[in-house]
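K.L.:
One file is attached below, query_5.txt, containing compact mmCIF, C-alpha atoms.
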# COMPACT_ATOMS: atom_id res chain seq x y z
CA MET A 145 -15.19 -1.49 27.83
CA SER A 146 -16.98 -1.84 24.50
CA VAL A 147 -15.53 -4.10 21.87
CA ASN A 148 -15.03 -1.06 19.60
CA THR A 149 -12.96 0.75 22.24
CA LYS A 150 -10.95 -2.40 22.89
CA ILE A 151 -10.11 -2.76 19.18
CA VAL A 152 -8.98 0.86 18.87
CA ASP A 153 -6.99 0.65 22.13
CA ASP A 154 -5.17 -2.43 20.80
CA LEU A 155 -4.40 -0.67 17.51
CA VAL A 156 -2.98 2.32 19.38
CA ALA A 157 -1.01 0.09 21.79
CA ASN A 158 0.58 -1.57 18.75
CA SER A 159 1.51 1.80 17.20
CA VAL A 160 -0.98 1.54 14.36
CA GLU A 161 -1.29 5.17 13.32
CA PHE A 162 -2.81 4.96 9.83
CA VAL A 163 -6.14 3.27 9.25
CA THR A 164 -8.11 3.14 6.04
CA THR A 165 -11.72 2.06 6.00
CA VAL A 166 -14.46 1.11 3.59
CA PRO A 167 -17.67 0.95 5.57
CA CYS A 168 -19.94 -1.95 6.51
CA LYS A 169 -22.98 -1.72 8.77
CA GLN A 170 -21.33 -4.16 11.20
CA LEU A 171 -18.23 -1.99 11.35
CA ALA A 172 -19.96 1.35 11.89
CA GLY A 173 -19.15 1.47 15.60
CA VAL A 174 -15.46 0.71 15.26
CA ILE A 175 -15.09 3.12 12.32
CA ASP A 176 -16.66 5.81 14.53
CA GLU A 177 -14.10 5.08 17.26
CA ILE A 178 -11.23 5.17 14.74
CA ASP A 179 -12.44 8.53 13.51
CA LYS A 180 -12.56 9.93 17.05
CA CYS A 181 -9.10 8.65 17.98
CA ASP A 182 -6.53 11.45 17.75
CA LYS A 183 -3.60 9.00 17.63
CA ILE A 184 -4.81 7.47 14.37
CA TYR A 185 -4.95 9.11 10.94
CA HIS A 186 -8.24 7.86 9.50
CA ILE A 187 -8.42 7.92 5.72
CA PRO A 188 -11.62 6.54 4.23
CA ALA A 189 -10.99 4.82 0.87
CA ASN A 190 -13.39 4.55 -2.04
CA LYS A 191 -12.42 0.97 -2.79
CA GLU A 192 -10.46 -1.55 -0.77
CA ASP A 193 -7.60 -1.98 -3.25
CA GLU A 194 -7.08 1.78 -3.15
CA GLY A 195 -7.00 1.49 0.64
CA MET A 196 -4.34 -1.23 0.45
CA GLY A 197 -2.24 1.06 -1.75
CA LEU A 198 -2.54 3.82 0.85
CA CYS A 199 -1.53 1.33 3.56
CA ALA A 200 1.50 0.15 1.54
CA GLY A 201 2.62 3.76 1.19
CA ALA A 202 2.08 4.55 4.86
CA PHE A 203 4.10 1.50 5.85
CA MET A 204 7.00 2.50 3.61
CA GLY A 205 6.71 6.03 4.98
CA GLY A 206 7.23 4.69 8.49
CA LYS A 207 3.72 4.33 9.91
CA ARG A 208 2.02 1.08 10.81
CA PRO A 209 -1.20 0.69 8.81
CA ALA A 210 -4.42 -1.28 9.08
CA ILE A 211 -7.49 -1.68 6.88
CA ILE A 212 -11.08 -2.16 7.98
CA MET A 213 -13.44 -3.57 5.35
CA GLN A 214 -16.16 -6.09 4.53
CA ASN A 215 -15.43 -9.65 3.38
CA THR A 216 -16.86 -8.83 -0.05
CA ALA A 217 -13.63 -6.86 -0.46
CA ILE A 218 -11.65 -10.09 -0.74
CA GLY A 219 -13.17 -10.32 -4.19
CA VAL A 220 -11.92 -6.83 -5.01
CA THR A 221 -8.41 -7.04 -3.59
CA ILE A 222 -6.86 -10.38 -4.55
CA ASN A 223 -4.54 -8.85 -7.15
CA THR A 224 -3.42 -6.12 -4.74
CA LEU A 225 -2.88 -8.55 -1.87
CA VAL A 226 -0.75 -10.79 -4.08
CA THR A 227 1.21 -8.33 -6.23
CA LEU A 228 1.70 -5.55 -3.69
CA THR A 229 1.26 -6.57 -0.06
CA GLN A 230 2.64 -10.10 -0.35
CA PHE A 231 5.10 -9.61 -3.23
CA TYR A 232 6.87 -6.74 -1.42
CA ARG A 233 6.40 -8.40 2.00
CA MET A 234 4.43 -5.76 3.81
CA PRO A 235 2.39 -6.17 6.99
CA LEU A 236 -1.33 -5.43 6.83
CA PRO A 237 -3.81 -6.25 9.56
CA MET A 238 -7.24 -6.54 7.93
CA LEU A 239 -10.20 -6.24 10.28
CA ILE A 240 -12.99 -7.73 8.18
CA SER A 241 -16.70 -7.92 8.82
CA TYR A 242 -17.67 -11.49 8.01
CA ARG A 243 -21.04 -10.91 6.44
CA GLY A 244 -23.21 -13.82 5.38
CA GLU A 245 -22.80 -15.85 8.57
CA LEU A 246 -25.43 -16.83 11.20
CA GLY A 247 -27.80 -13.93 11.82
CA GLU A 248 -27.36 -12.51 8.33
CA PRO A 249 -30.57 -11.01 6.95
CA VAL A 250 -29.28 -10.36 3.40
CA ALA A 251 -29.13 -13.50 1.23
CA CYS A 252 -26.62 -12.09 -1.23
CA GLN A 253 -24.03 -11.71 1.52
CA VAL A 254 -23.96 -15.49 1.92
CA GLU A 255 -22.70 -15.85 -1.63
CA MET A 256 -19.39 -14.22 -0.70
CA ALA A 257 -19.30 -15.70 2.80
CA VAL A 258 -19.05 -19.22 1.38
CA HIS A 259 -15.91 -18.23 -0.52
CA THR A 260 -14.25 -16.04 2.10
CA LYS A 261 -12.20 -18.59 4.06
CA ALA A 262 -11.39 -20.64 0.95
CA LEU A 263 -9.98 -17.58 -0.80
CA LEU A 264 -7.95 -16.48 2.22
CA ASN A 265 -6.67 -20.04 2.56
CA GLN A 266 -5.74 -20.17 -1.13
CA LEU A 267 -3.83 -16.90 -0.68
CA ASN A 268 -1.92 -18.31 2.34
CA ILE A 269 -3.20 -15.43 4.45
CA PRO A 270 -3.19 -16.21 8.18
CA THR A 271 -6.83 -15.98 9.18
CA TYR A 272 -8.50 -15.56 12.59
CA HIS A 273 -12.23 -15.72 13.18
CA PHE A 274 -13.84 -13.73 16.00
CA HIS A 275 -17.18 -15.36 16.83
CA LYS A 276 -17.60 -14.71 20.56
CA GLU A 277 -16.98 -11.35 22.19
CA GLU A 278 -14.03 -12.63 24.23
CA ASP A 279 -12.25 -13.58 20.98
CA VAL A 280 -11.27 -9.91 20.76
CA ASN A 281 -8.70 -10.63 23.46
CA GLU A 282 -6.53 -12.22 20.76
CA LEU A 283 -6.31 -9.01 18.74
CA ASP A 284 -3.22 -7.70 20.52
CA ALA A 285 -1.29 -10.90 19.75
CA ILE A 286 -2.56 -10.95 16.15
CA LEU A 287 -1.31 -7.39 15.59
CA LYS A 288 2.10 -8.26 17.04
CA TYR A 289 2.21 -11.36 14.83
CA THR A 290 1.32 -9.33 11.71
CA PHE A 291 4.11 -6.80 12.20
CA MET A 292 6.54 -9.57 13.14
CA CYS A 293 6.03 -11.57 9.93
CA ASN A 294 5.28 -8.73 7.43
CA LYS A 295 2.23 -10.40 5.97
CA PRO A 296 -1.38 -9.48 5.40
CA VAL A 297 -3.42 -11.10 8.17
CA ALA A 298 -7.21 -11.44 8.17
CA ILE A 299 -9.42 -11.06 11.24
CA LEU A 300 -12.94 -12.14 10.32
CA THR A 301 -15.58 -10.76 12.66
CA ASP A 302 -19.05 -12.26 12.31
CA ALA A 303 -22.53 -11.10 13.35
CA SER A 304 -22.44 -13.15 16.58
CA PHE A 305 -19.23 -11.32 17.56
CA TRP A 306 -20.89 -7.95 16.90
CA LYS A 307 -24.08 -9.16 18.70
CA GLY A 308 -26.11 -8.71 15.55
CA TYR A 309 -25.91 -5.20 14.23
CA MET B 213 7.38 13.73 -27.41
CA ILE B 214 6.64 10.36 -25.76
CA ARG B 215 6.66 9.22 -22.12
CA SER B 216 10.23 7.93 -22.12
CA GLU B 217 11.42 11.35 -23.26
CA ILE B 218 9.47 13.04 -20.45
CA LEU B 219 11.04 10.64 -17.94
CA ARG B 220 14.50 11.45 -19.30
CA ASP B 221 13.73 15.20 -19.00
CA ILE B 222 12.42 15.05 -15.44
CA ALA B 223 15.10 12.68 -14.11
CA PRO B 224 17.29 15.53 -12.75
CA VAL B 225 14.21 17.14 -11.12
CA ILE B 226 12.98 14.02 -9.34
CA ARG B 227 16.35 12.47 -8.46
CA ASP B 228 16.50 13.87 -4.92
CA HIS B 229 12.88 13.10 -4.06
CA LEU B 230 10.89 10.01 -3.23
CA VAL B 231 9.29 8.62 -6.38
CA ILE B 232 6.57 6.01 -6.76
CA CYS B 233 6.63 4.84 -10.35
CA ASN B 234 3.78 3.22 -12.22
CA ILE B 235 3.72 -0.42 -13.30
CA GLY B 236 5.14 -1.60 -16.59
CA LEU B 237 7.08 0.50 -19.07
CA PRO B 238 7.19 3.71 -16.94
CA SER B 239 9.07 1.88 -14.17
CA GLN B 240 11.27 0.06 -16.66
CA GLU B 241 12.10 3.32 -18.45
CA LEU B 242 12.86 5.19 -15.23
CA HIS B 243 14.93 2.27 -13.97
CA LEU B 244 16.98 2.32 -17.18
CA THR B 245 17.26 6.13 -17.32
CA ASP B 246 18.16 6.91 -13.73
CA ASP B 247 17.87 4.17 -11.12
CA GLN B 248 17.84 5.64 -7.61
CA PRO B 249 17.23 4.13 -4.17
CA THR B 250 14.54 6.81 -3.78
CA ASN B 251 12.58 5.16 -6.60
CA PHE B 252 9.89 2.65 -5.72
CA TYR B 253 9.14 0.61 -8.81
CA MET B 254 5.72 -0.98 -9.08
CA LEU B 255 6.09 -4.45 -10.57
CA GLY B 256 2.35 -5.11 -10.48
CA THR B 257 -0.94 -3.70 -9.20
CA MET B 258 -2.09 -1.33 -11.93
CA GLY B 259 -3.68 1.87 -10.67
CA LEU B 260 -2.20 2.26 -7.22
CA SER B 261 0.79 4.55 -7.82
CA SER B 262 -1.15 7.60 -6.61
CA SER B 263 -2.51 5.75 -3.57
CA ILE B 264 0.89 4.45 -2.53
CA GLY B 265 2.43 7.89 -3.03
CA LEU B 266 -0.26 9.61 -0.99
CA GLY B 267 0.27 7.07 1.78
CA VAL B 268 4.02 7.74 1.83
CA ALA B 269 3.42 11.51 1.81
CA LEU B 270 0.94 11.41 4.68
CA ALA B 271 3.26 9.24 6.79
CA GLN B 272 6.38 11.43 6.65
CA ASP B 273 7.63 14.87 5.59
CA LYS B 274 9.85 14.30 2.53
CA LYS B 275 8.47 15.22 -0.86
CA VAL B 276 6.87 12.40 -2.83
CA ILE B 277 6.18 12.29 -6.55
CA SER B 278 3.84 9.62 -7.90
CA ILE B 279 4.38 9.03 -11.58
CA ASP B 280 1.12 7.74 -12.97
CA GLY B 281 -0.51 7.25 -16.36
CA ASP B 282 -3.90 8.18 -17.75
CA GLY B 283 -4.88 4.51 -18.04
CA SER B 284 -3.87 3.80 -14.46
CA VAL B 285 -5.76 6.80 -13.09
CA LEU B 286 -8.82 5.64 -15.01
CA THR B 287 -8.39 2.23 -13.34
CA ASN B 288 -8.36 3.78 -9.86
CA PHE B 289 -10.59 6.84 -10.28
CA GLY B 290 -11.51 6.77 -6.59
CA THR B 291 -8.02 7.99 -5.80
CA LEU B 292 -8.74 11.57 -6.90
CA PRO B 293 -11.39 12.38 -4.26
CA THR B 294 -9.21 10.72 -1.63
CA ILE B 295 -6.26 12.90 -2.65
CA ALA B 296 -8.43 16.03 -2.75
CA ASN B 297 -9.77 15.45 0.74
CA ASN B 298 -6.50 14.40 2.39
CA VAL B 299 -4.19 17.24 1.45
CA ALA B 300 -0.48 16.46 1.77
CA ASP B 301 1.56 19.44 0.61
CA ASN B 302 4.60 17.19 0.13
CA PHE B 303 2.75 15.21 -2.54
CA ILE B 304 2.77 15.63 -6.31
CA LEU B 305 0.84 13.43 -8.67
CA LEU B 306 2.31 13.51 -12.15
CA ILE B 307 -0.06 11.93 -14.65
CA ILE B 308 1.72 11.30 -17.92
CA ASP B 309 -1.26 11.36 -20.24
CA ASN B 310 -0.52 9.82 -23.60
CA GLY B 311 -4.13 8.84 -24.21
CA SER B 312 -3.26 5.18 -24.34
CA TYR B 313 -2.53 2.03 -22.40
CA GLY B 314 1.15 2.15 -23.33
CA SER B 315 2.44 -1.00 -21.65
CA THR B 316 -0.16 -3.22 -23.27
CA GLY B 317 0.22 -2.07 -26.85
CA ASP B 318 -1.05 1.52 -27.00
CA GLN B 319 -4.76 0.78 -26.98
CA PRO B 320 -6.57 4.14 -26.71
CA THR B 321 -7.95 5.28 -23.32
CA TYR B 322 -10.98 7.49 -22.77
CA ALA B 323 -8.56 10.19 -21.54
CA GLY B 324 -7.46 10.49 -25.15
CA MET B 325 -11.08 10.91 -26.24
CA LYS B 326 -13.76 12.97 -24.47
CA THR B 327 -12.55 12.62 -20.87
CA SER B 328 -10.28 15.29 -19.43
CA LEU B 329 -8.34 14.10 -16.38
CA THR B 330 -7.57 17.75 -15.58
CA ALA B 331 -11.30 18.51 -15.39
CA VAL B 332 -11.97 15.32 -13.42
CA ALA B 333 -9.25 16.10 -10.85
CA THR B 334 -10.62 19.62 -10.47
CA ALA B 335 -14.19 18.33 -10.13
CA CYS B 336 -12.99 15.90 -7.43
CA GLY B 337 -11.84 18.87 -5.37
CA CYS B 338 -8.10 18.88 -6.08
CA GLU B 339 -6.95 22.47 -5.65
CA ASN B 340 -3.77 22.77 -7.71
CA VAL B 341 -4.31 21.02 -11.01
CA VAL B 342 -1.99 21.97 -13.84
CA GLU B 343 -2.10 20.69 -17.40
CA CYS B 344 1.07 21.06 -19.40
CA SER B 345 2.57 20.02 -22.70
CA ALA B 346 5.23 17.33 -22.72
CA PRO B 347 8.22 19.70 -23.19
CA ASP B 348 7.00 21.81 -20.22
CA THR B 349 6.79 18.87 -17.79
CA ALA B 350 10.18 19.30 -16.07
CA ARG B 351 9.63 23.04 -15.55
CA THR B 352 6.05 22.49 -14.31
CA LEU B 353 7.21 19.77 -11.94
CA GLN B 354 9.99 21.96 -10.53
CA ALA B 355 7.49 24.80 -9.99
CA ALA B 356 5.16 22.42 -8.17
CA LEU B 357 8.02 21.24 -5.93
CA ASP B 358 8.97 24.85 -5.20
CA SER B 359 5.36 25.78 -4.37
CA ASN B 360 5.16 23.41 -1.38
CA LYS B 361 1.55 22.76 -2.33
CA MET B 362 0.00 19.45 -3.22
CA THR B 363 -0.23 19.52 -7.01
CA ILE B 364 -1.72 17.33 -9.71
CA ILE B 365 0.08 17.66 -13.05
CA VAL B 366 -1.41 16.28 -16.24
CA ALA B 367 1.37 16.16 -18.82
CA LYS B 368 -0.01 15.60 -22.31
CA CYS B 369 2.22 13.64 -24.64
CA GLU B 370 2.14 11.34 -27.62
CA SER B 371 1.77 7.59 -27.26
CA GLY B 372 4.67 5.35 -28.14
CA ASN B 373 7.23 3.16 -26.48
CA VAL B 374 10.91 2.41 -26.59
CA LYS B 375 12.33 -1.05 -26.04
CA VAL B 376 13.46 -1.47 -22.42
CA PRO B 377 14.38 -4.50 -20.33
CA VAL B 378 12.15 -5.68 -17.49
CA ILE B 379 13.22 -4.96 -13.91
CA THR B 380 14.75 -8.05 -12.38
CA MET B 381 15.45 -6.53 -8.96
CA ASP B 382 13.66 -8.43 -6.19
CA PRO B 383 10.58 -6.58 -4.89
CA VAL B 384 11.74 -6.85 -1.29
CA VAL B 385 15.07 -5.27 -2.28
CA ILE B 386 13.23 -2.41 -4.04
CA ARG B 387 11.05 -1.90 -0.97
CA ASP B 388 13.92 -2.17 1.51
CA ARG B 389 16.21 0.30 -0.19
CA PHE B 390 13.29 2.70 -0.70
CA MET B 391 12.45 2.54 3.01
CA LYS B 392 16.10 3.19 3.89
CA ALA B 393 16.02 6.20 1.57
CA VAL B 394 12.86 7.42 3.35
CA GLN B 395 14.64 7.17 6.69
CA ALA B 396 17.95 8.65 5.48
Go ahead and express the file in the form of structure tokens.
P.N.:
Amino acid sequence: MSVNTKIVDDLVANSVEFVTTVPCKQLAGVIDEIDKCDKIYHIPANKEDEGMGLCAGAFMGGKRPAIIMQNTAIGVTINTLVTLTQFYRMPLPMLISYRGELGEPVACQVEMAVHTKALLNQLNIPTYHFHKEEDVNELDAILKYTFMCNKPVAILTDASFWKGY
Amino acid sequence: MIRSEILRDIAPVIRDHLVICNIGLPSQELHLTDDQPTNFYMLGTMGLSSSIGLGVALAQDKKVISIDGDGSVLTNFGTLPTIANNVADNFILLIIDNGSYGSTGDQPTYAGMKTSLTAVATACGCENVVECSAPDTARTLQAALDSNKMTIIVAKCESGNVKVPVITMDPVVIRDRFMKAVQA
């Protein structure tokens, strides 16, 4: 089973039915799988904070949401994470491509990578880092944890995890 | 006519529907005028009223009205193409367009200058975009509800504020009672 299929299967098994995405090259495969999955409503967002608003609405409407985005989005979404997702205590699994790590060809990506974990830590966001392919086996438990505690939870997925891209 | 007067006028029209209300004075005014468990008050996060409302509308069948402002739509312009391309016929976006950032001291917005939000929404692909004058807002909103079609309403009004207290209700309480109203 490909890692993309495994991720989508885990989302479906955890009743995640509403997924918003802002693309990243590393995430192209999983976004493709999301789009093909008829149990998930896939709504591409133009910006990640917009996507988090959509997810907040879907959650209050009764559907479990998730967002898929690049780590640069942490820079875009801090206000939304704090004043919407955390302030109102809403669950939000965030599958994040961790650009700027080993194997990264684009220097600028490193500039955000060096801040990514520090920012998530500062925001008290539980953070998991998928580096090896078998790390994906934790996703099911992470999703259960997210909807148990009603918090945004970050899953950083680096280039080694995606086997380059 | 100013925003608080529009909110007073539309209160009987929106009372039985799910409402996502914009940050700042709009939420405070609606809270003071007609607090309902079906109202979700935004206490922060400028710009996302339309996104939250669309999310609620796509997730369930009850009608949802997002009350937004011209300044907030300008902040989250990407919302309009998303709305246009994800049609939810139980969703109405009411943009109260007073051409100013009301909650921060009535600084002018570009919507009060050359930029027409009605034209922008139409250009983004939204199919039912209606511009109305402030006194026509309640009637236009009722017609949109009756049409069972996703509708964007741009209600033009004057800028100006009334003095209202801040909302002291806990955000989790607001969210919890709103979710119970969704499920009711």
K.L.:
Which residue, B:Leu244, B:Ala271, B:Ile365, B:Ala323, has the smallest gap to chain A when you use all atoms listed in the file?
P.N.:
B:Ala271
K.L.:
Set the distance at 6 Å and use only C-alpha atoms: which residues neighbour Ala346 in chain B once local chain neighbours fewer than 2 positions away are removed? I'd like the list as an NGL selection string.
P.N.:
:B and (348-349 or 367-369)
K.L.:
Counting only C-alpha atoms, figure out which residue out of A:Met238, A:Asp154, A:Leu228, A:Tyr272 gets nearest to Tyr253 in chain B.
P.N.:
A:Leu228
K.L.:
Rounded to one decimal place, report the CA of Glu161 in chain A-CA of Gln230 in chain A distance in Å.
P.N.:
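Distance reported for this atom pair: 20.9 Å.
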K.L.:
Residues of chain A were defined as contacting chain B if any atom lay at most 8 Å from it, counting all atoms listed in the file; please report them as a PyMOL selection string.
P.N.:
chain A and resi 187-191+193-195+197-207+223-224+227-228+231-233
K.L.:
Pick out the closest residue to Pro249 in chain B from this set: B:Asp280, B:Asp228, B:Ala396, B:Arg389. Count only C-alpha atoms.
P.N.:
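Using only C-alpha atoms, the shortest distance to Pro249 in chain B belongs to B:Arg389.
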K.L.:
So that I can check the surroundings of Phe274 in chain A, please list as a list in words every protein, DNA and RNA residue that reaches within 7 Å of it, counting all atoms listed in the file and ignoring chain neighbours fewer than 2 positions away.
P.N.:
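Skipping anything fewer than 2 positions along the chain leaves Tyr272, Lys276, Asp279, Val280, Leu300, Thr301, Asp302 and Phe305 of chain A.
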K.L.:
Which one is closest to Leu236 in chain A: A:Lys288, A:His186, A:Lys180, A:Lys307? Count all atoms listed in the file.
P.N.:
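Among A:Lys288, A:His186, A:Lys180, A:Lys307, it is A:Lys288 that comes nearest to Leu236 in chain A.
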K.L.:
In Å, with one decimal, what is the gap from CA of His229 in chain B to CA of Ser345 in chain B?
P.N.:
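Between CA of His229 in chain B and CA of Ser345 in chain B the gap works out to 22.4 Å.
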K.L.:
Do you have the CA of Glu370 in chain B-CA of Asn340 in chain B distance handy?
P.N.:
23.7 Å
K.L.:
Give as a PyMOL selection string each residue that has an atom at most 7 Å from (-3.6, 1.2, 11.3) in the file, counting only C-alpha atoms.
P.N.:
chain A and resi 155+160-163+208-211
K.L.:
Find the residues around Pro296 in chain A up to 7 Å (all atoms listed in the file counted), leave out those fewer than 6 positions away in its own chain, and share them as a ChimeraX atom specification.
P.N.:
/A:229,235-237,269,290
K.L.:
Could you pull the residues within 10 Å of Thr334 in chain B, counting all atoms listed in the file, minus those fewer than 4 positions along the same chain, as a list in words?
P.N.:
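Non-adjacent residues within range: Leu292, Pro293, Ala296, Ser328, Leu329, Thr330, Cys338, Glu339, Asn340, Val341, Val342 and Ile364 of chain B.
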K.L.:
Hey, what's within 7 Å of range 245-254 of chain A if we count all atoms listed in the file and toss same-chain stuff fewer than 4 positions away? As a PyMOL selection string, please?
P.N.:
chain A and resi 258+302-303+308
K.L.:
Could you check the closest approach to Ile184 in chain A for each of A:Met196, A:Asp284, A:Lys169, A:Ala157 and tell me which residue wins, using all atoms listed in the file?
P.N.:
A:Ala157
K.L.:
Got a sec to write range 253-269 of chain A of the block to a file, N, CA and C atoms, as an mmCIF file, in the first residue's frame?
P.N.:
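So the final result, stored in result_19.cif, reads:
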data_model
loop_
_atom_site.group_PDB
_atom_site.id
_atom_site.type_symbol
_atom_site.label_atom_id
_atom_site.label_comp_id
_atom_site.auth_asym_id
_atom_site.auth_seq_id
_atom_site.Cartn_x
_atom_site.Cartn_y
_atom_site.Cartn_z
ATOM 1 N N GLN A 253 13.298 27.572 1.315
ATOM 2 C CA GLN A 253 12.442 26.745 2.163
ATOM 3 C C GLN A 253 13.060 26.529 3.541
ATOM 4 N N VAL A 254 14.393 26.549 3.594
ATOM 5 C CA VAL A 254 15.074 26.326 4.868
ATOM 6 C C VAL A 254 14.766 27.464 5.849
ATOM 7 N N GLU A 255 14.553 28.626 5.313
ATOM 8 C CA GLU A 255 14.304 29.797 6.170
ATOM 9 C C GLU A 255 13.060 29.603 7.033
ATOM 10 N N MET A 256 12.044 28.935 6.496
ATOM 11 C CA MET A 256 10.845 28.680 7.300
ATOM 12 C C MET A 256 11.006 27.392 8.110
ATOM 13 N N ALA A 257 11.762 26.440 7.553
ATOM 14 C CA ALA A 257 11.966 25.171 8.268
ATOM 15 C C ALA A 257 12.596 25.400 9.642
ATOM 16 N N VAL A 258 13.527 26.356 9.717
ATOM 17 C CA VAL A 258 14.216 26.564 10.991
ATOM 18 C C VAL A 258 13.287 27.163 12.057
ATOM 19 N N HIS A 259 12.175 27.713 11.632
ATOM 20 C CA HIS A 259 11.221 28.283 12.594
ATOM 21 C C HIS A 259 10.042 27.366 12.885
ATOM 22 N N THR A 260 9.859 26.339 12.060
ATOM 23 C CA THR A 260 8.605 25.578 12.091
ATOM 24 C C THR A 260 8.339 24.968 13.462
ATOM 25 N N LYS A 261 9.284 24.183 13.978
ATOM 26 C CA LYS A 261 9.030 23.496 15.258
ATOM 27 C C LYS A 261 8.978 24.484 16.419
ATOM 28 N N ALA A 262 9.788 25.538 16.348
ATOM 29 C CA ALA A 262 9.782 26.539 17.419
ATOM 30 C C ALA A 262 8.424 27.236 17.495
ATOM 31 N N LEU A 263 7.868 27.547 16.332
ATOM 32 C CA LEU A 263 6.558 28.216 16.317
ATOM 33 C C LEU A 263 5.476 27.284 16.848
ATOM 34 N N LEU A 264 5.484 26.043 16.380
ATOM 35 C CA LEU A 264 4.465 25.083 16.841
ATOM 36 C C LEU A 264 4.597 24.866 18.346
ATOM 37 N N ASN A 265 5.838 24.818 18.812
ATOM 38 C CA ASN A 265 6.087 24.661 20.241
ATOM 39 C C ASN A 265 5.564 25.868 21.022
ATOM 40 N N GLN A 266 5.837 27.056 20.506
ATOM 41 C CA GLN A 266 5.375 28.291 21.152
ATOM 42 C C GLN A 266 3.848 28.323 21.229
ATOM 43 N N LEU A 267 3.201 27.740 20.211
ATOM 44 C CA LEU A 267 1.731 27.740 20.163
ATOM 45 C C LEU A 267 1.129 26.590 20.968
ATOM 46 N N ASN A 268 1.969 25.794 21.629
ATOM 47 C CA ASN A 268 1.498 24.613 22.374
ATOM 48 C C ASN A 268 0.683 23.664 21.496
ATOM 49 N N ILE A 269 1.127 23.508 20.259
ATOM 50 C CA ILE A 269 0.451 22.590 19.339
ATOM 51 C C ILE A 269 1.178 21.246 19.375
#
